[in-house]
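J.: Quick one: the structure is below, questions incoming.
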Amino acid sequence: MWHGAKNLAKRIHAASQVKGQSSLSSWLKDIVNHFWWCCKTADSYQEFLELWLGLLHHVTNEHRWVLGSCQHADLESGGTQQWLERGSMAHEALKSIVRNKRWLNEVHKYLNFRSTADLESFQNHILMYASKRTAFRSPVFEARLLLAAMDYNYHKDRPELCKSDGSKQYRRLYKKNARRYMLYTRKTSKTYGYIPELQL
Ligand SMILES: [Zn+2]
């Protein structure tokens, strides 16, 4: 899944470097976020595809179409979003990225293996490194995605905390999307042991 997102970001960035398609760079972060949201929300590949491909409508400022609609709230008018023109070079380039068969196959495989808790943890890592409130230029955003992935991969298998009787420690978190509490096991603190190596 990480590869899926990285690959996606890379291809959008590359496409945004092509003359006439620079408007794609302002969409990079939103599109990657949309990808995570689709992975998290969809219960099947079919549902993923429906949510994911809706993106191609959304970027043209079309939020309702024959077979579906966006799930976001009404957009404030006067936003700074650079809408893409249907059929423009940028829109066509995005289309081929979003519908890329090989990439979609990878995503399909991955969707079968995920667990919601893992996905949430991964997305939280991305938000730690690339907050939604700040806009980053593409290379900076990519670097931050990379840092988030290193942090996540390095720490994901760290041991769970146990009480003195050997039972696991749990923590209850309220999930806004699901409108209910979920239980998570507590893990040992992070060590960031890979950072000294990066600084060599
Ligand atoms: Zn929309």
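The way I read the labels, and the way they are meant: chains A, B, ... in the order of the structure tokens, residue 1 as the first residue of every chain, and ligand 1 as the first ligand shown, with later ones counted on from there.
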Could you give me, as a PyMOL selection string, every polymer residue with an atom at most 7 Å away from an atom of ligand 1, counting only C-alpha atoms and all ligand atoms?
T.: chain A and resi 58+61-63+70+72
J.: Quick one: everything within 12 Å of Tyr129 of chain A, counting only C-alpha atoms, minus sequence neighbours fewer than 6 positions away in the same chain. Send it as an MDAnalysis selection string.
T.: chainID A and resid 122:123 135:136 140:152
J.: Write out, as a CSV table (one decimal), in the first residue's frame, the residues just selected, with all heavy atoms.
T.:
chain,number,residue,atom,x,y,z
A,122,PHE,N,-1.1,4.0,9.7
A,122,PHE,CA,-0.3,4.5,8.6
A,122,PHE,C,-0.7,5.9,8.2
A,122,PHE,O,0.1,6.8,8.0
A,122,PHE,CB,-0.3,3.6,7.4
A,122,PHE,CG,0.7,4.0,6.4
A,122,PHE,CD1,2.0,3.7,6.5
A,122,PHE,CD2,0.3,4.8,5.3
A,122,PHE,CE1,2.9,4.1,5.6
A,122,PHE,CE2,1.2,5.2,4.4
A,122,PHE,CZ,2.5,4.8,4.5
A,123,GLN,N,-2.0,6.1,8.1
A,123,GLN,CA,-2.5,7.4,7.7
A,123,GLN,C,-2.2,8.5,8.8
A,123,GLN,O,-1.8,9.6,8.4
A,123,GLN,CB,-4.0,7.4,7.4
A,123,GLN,CG,-4.4,8.6,6.5
A,123,GLN,CD,-5.8,8.6,6.2
A,123,GLN,OE1,-6.7,8.0,6.9
A,123,GLN,NE2,-6.2,9.2,5.1
A,135,ALA,N,0.5,23.5,3.1
A,135,ALA,CA,0.7,23.1,1.7
A,135,ALA,C,2.2,22.9,1.5
A,135,ALA,O,3.0,23.7,2.0
A,135,ALA,CB,0.2,24.2,0.8
A,136,PHE,N,2.6,21.8,1.0
A,136,PHE,CA,4.0,21.6,0.7
A,136,PHE,C,4.2,21.5,-0.8
A,136,PHE,O,3.4,21.0,-1.5
A,136,PHE,CB,4.5,20.2,1.3
A,136,PHE,CG,4.3,20.2,2.8
A,136,PHE,CD1,3.2,19.5,3.4
A,136,PHE,CD2,5.2,20.8,3.6
A,136,PHE,CE1,3.1,19.4,4.7
A,136,PHE,CE2,5.0,20.8,5.0
A,136,PHE,CZ,4.0,20.1,5.6
A,140,VAL,N,9.0,18.3,-1.3
A,140,VAL,CA,9.0,18.3,0.2
A,140,VAL,C,7.9,17.4,0.6
A,140,VAL,O,8.1,16.6,1.6
A,140,VAL,CB,8.6,19.8,0.7
A,140,VAL,CG1,8.5,19.8,2.2
A,140,VAL,CG2,9.7,20.8,0.2
A,141,PHE,N,6.8,17.4,0.0
A,141,PHE,CA,5.7,16.4,0.3
A,141,PHE,C,6.2,15.0,0.2
A,141,PHE,O,5.9,14.1,1.0
A,141,PHE,CB,4.5,16.7,-0.5
A,141,PHE,CG,3.3,15.8,-0.2
A,141,PHE,CD1,2.7,15.8,1.0
A,141,PHE,CD2,2.8,15.0,-1.2
A,141,PHE,CE1,1.7,15.0,1.3
A,141,PHE,CE2,1.7,14.2,-0.9
A,141,PHE,CZ,1.2,14.2,0.4
A,142,GLU,N,6.9,14.7,-0.9
A,142,GLU,CA,7.4,13.4,-1.1
A,142,GLU,C,8.4,12.9,-0.1
A,142,GLU,O,8.3,11.8,0.4
A,142,GLU,CB,8.1,13.3,-2.5
A,142,GLU,CG,7.1,12.8,-3.6
A,142,GLU,CD,7.8,12.8,-5.0
A,142,GLU,OE1,8.9,12.2,-5.0
A,142,GLU,OE2,7.3,13.3,-5.9
A,143,ALA,N,9.3,13.9,0.3
A,143,ALA,CA,10.2,13.6,1.4
A,143,ALA,C,9.5,13.3,2.7
A,143,ALA,O,9.9,12.4,3.4
A,143,ALA,CB,11.2,14.7,1.5
A,144,ARG,N,8.4,14.1,2.9
A,144,ARG,CA,7.7,13.9,4.2
A,144,ARG,C,7.0,12.5,4.2
A,144,ARG,O,6.9,11.8,5.2
A,144,ARG,CB,6.7,15.0,4.4
A,144,ARG,CG,7.5,16.2,4.9
A,144,ARG,CD,6.6,17.4,5.0
A,144,ARG,NE,7.3,18.5,5.7
A,144,ARG,CZ,7.3,18.6,7.1
A,144,ARG,NH1,6.5,17.9,7.8
A,144,ARG,NH2,7.9,19.6,7.6
A,145,LEU,N,6.4,12.1,3.0
A,145,LEU,CA,5.8,10.8,2.9
A,145,LEU,C,6.8,9.7,3.2
A,145,LEU,O,6.5,8.7,3.9
A,145,LEU,CB,5.3,10.6,1.5
A,145,LEU,CG,3.9,11.1,1.1
A,145,LEU,CD1,3.6,10.7,-0.3
A,145,LEU,CD2,2.9,10.7,2.0
A,146,LEU,N,8.0,9.9,2.7
A,146,LEU,CA,9.1,8.9,2.9
A,146,LEU,C,9.4,8.8,4.4
A,146,LEU,O,9.6,7.7,5.0
A,146,LEU,CB,10.3,9.4,2.1
A,146,LEU,CG,11.3,8.3,1.8
A,146,LEU,CD1,10.7,7.3,0.9
A,146,LEU,CD2,12.5,9.0,1.0
A,147,LEU,N,9.5,10.0,5.1
A,147,LEU,CA,9.8,9.9,6.5
A,147,LEU,C,8.7,9.2,7.3
A,147,LEU,O,8.9,8.5,8.2
A,147,LEU,CB,9.9,11.4,7.1
A,147,LEU,CG,11.3,12.1,6.7
A,147,LEU,CD1,11.2,13.5,7.1
A,147,LEU,CD2,12.4,11.4,7.4
A,148,ALA,N,7.4,9.5,6.9
A,148,ALA,CA,6.3,8.9,7.5
A,148,ALA,C,6.4,7.4,7.4
A,148,ALA,O,6.1,6.6,8.3
A,148,ALA,CB,5.0,9.4,6.9
A,149,ALA,N,6.8,6.9,6.2
A,149,ALA,CA,6.8,5.5,5.9
A,149,ALA,C,7.9,4.8,6.7
A,149,ALA,O,7.8,3.7,7.2
A,149,ALA,CB,7.0,5.3,4.4
A,150,MET,N,9.1,5.5,6.8
A,150,MET,CA,10.2,5.0,7.6
A,150,MET,C,9.7,4.8,9.0
A,150,MET,O,10.0,3.8,9.7
A,150,MET,CB,11.4,5.9,7.5
A,150,MET,CG,12.1,5.7,6.2
A,150,MET,SD,13.8,6.3,6.3
A,150,MET,CE,13.5,8.0,5.9
A,151,ASP,N,9.2,5.8,9.6
A,151,ASP,CA,8.7,5.8,11.0
A,151,ASP,C,7.7,4.7,11.2
A,151,ASP,O,7.9,3.8,12.1
A,151,ASP,CB,8.0,7.2,11.3
A,151,ASP,CG,7.6,7.3,12.7
A,151,ASP,OD1,7.6,6.3,13.4
A,151,ASP,OD2,7.3,8.4,13.2
A,152,TYR,N,6.7,4.6,10.3
A,152,TYR,CA,5.7,3.5,10.3
A,152,TYR,C,6.3,2.1,10.3
A,152,TYR,O,6.1,1.3,11.1
A,152,TYR,CB,4.7,3.7,9.2
A,152,TYR,CG,3.7,2.6,9.2
A,152,TYR,CD1,2.6,2.6,10.1
A,152,TYR,CD2,3.8,1.6,8.3
A,152,TYR,CE1,1.7,1.5,10.0
A,152,TYR,CE2,2.9,0.5,8.2
A,152,TYR,CZ,1.8,0.5,9.1
A,152,TYR,OH,0.9,-0.5,9.1
J.: Nearest to Leu104 of chain A: which of A:Val18, A:Asp157, A:Ile31, A:Trp52 is it, counting only C-alpha atoms?
T.: A:Trp52
J.: Identify which of the residues A:Trp37, A:Tyr181, A:Trp27, A:Tyr110 lies closest to Leu84 of chain A, counting only C-alpha atoms when measuring atom-to-atom distances.
T.: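 Under the stated criterion, the closest residue is A:Trp27.
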J.: Please extract the residues of segment 68-186 of chain A with a backbone DSSP assignment of helix (DSSP H, G or I) and present them as a ChimeraX atom specification.
T.: /A:89-98,101-111,116-129,138-155
J.: Can you pull out the residues contacting His155 of chain A? Cut-off 12 Å, using only C-alpha atoms, and skip same-chain residues under 3 positions away; I want them as a ChimeraX atom specification.
T.: /A:118,121-122,125,148-152,158-160,187-194
J.: Next, write the just-selected residues to a file, as a PDB file, in the first residue's frame, keeping C-alpha atoms as the atom set.
T.:
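The new file selection_8.pdb reads:
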ATOM      1  CA  ASP A 118      -2.927  -0.758  10.348  1.00  0.00           C
ATOM      2  CA  SER A 121      -1.996   3.972  11.971  1.00  0.00           C
ATOM      3  CA  PHE A 122      -0.307   4.508   8.630  1.00  0.00           C
ATOM      4  CA  HIS A 125       1.803   8.801  10.416  1.00  0.00           C
ATOM      5  CA  ALA A 148       6.297   8.890   7.538  1.00  0.00           C
ATOM      6  CA  ALA A 149       6.809   5.508   5.882  1.00  0.00           C
ATOM      7  CA  MET A 150      10.155   4.955   7.601  1.00  0.00           C
ATOM      8  CA  ASP A 151       8.693   5.812  10.978  1.00  0.00           C
ATOM      9  CA  TYR A 152       5.715   3.522  10.348  1.00  0.00           C
ATOM     10  CA  ARG A 158       7.280  -3.176  18.140  1.00  0.00           C
ATOM     11  CA  PRO A 159       6.119  -5.228  21.124  1.00  0.00           C
ATOM     12  CA  GLU A 160       2.807  -4.650  22.799  1.00  0.00           C
ATOM     13  CA  LYS A 187       2.759  -0.619  22.333  1.00  0.00           C
ATOM     14  CA  THR A 188       6.181   0.184  23.743  1.00  0.00           C
ATOM     15  CA  SER A 189       7.499   3.688  23.077  1.00  0.00           C
ATOM     16  CA  LYS A 190       9.092   4.483  19.767  1.00  0.00           C
ATOM     17  CA  THR A 191      12.877   4.498  19.615  1.00  0.00           C
ATOM     18  CA  TYR A 192      13.536   6.165  16.241  1.00  0.00           C
ATOM     19  CA  GLY A 193      16.630   3.936  16.080  1.00  0.00           C
ATOM     20  CA  TYR A 194      16.996   4.529  12.333  1.00  0.00           C
TER      21      TYR A 194
END
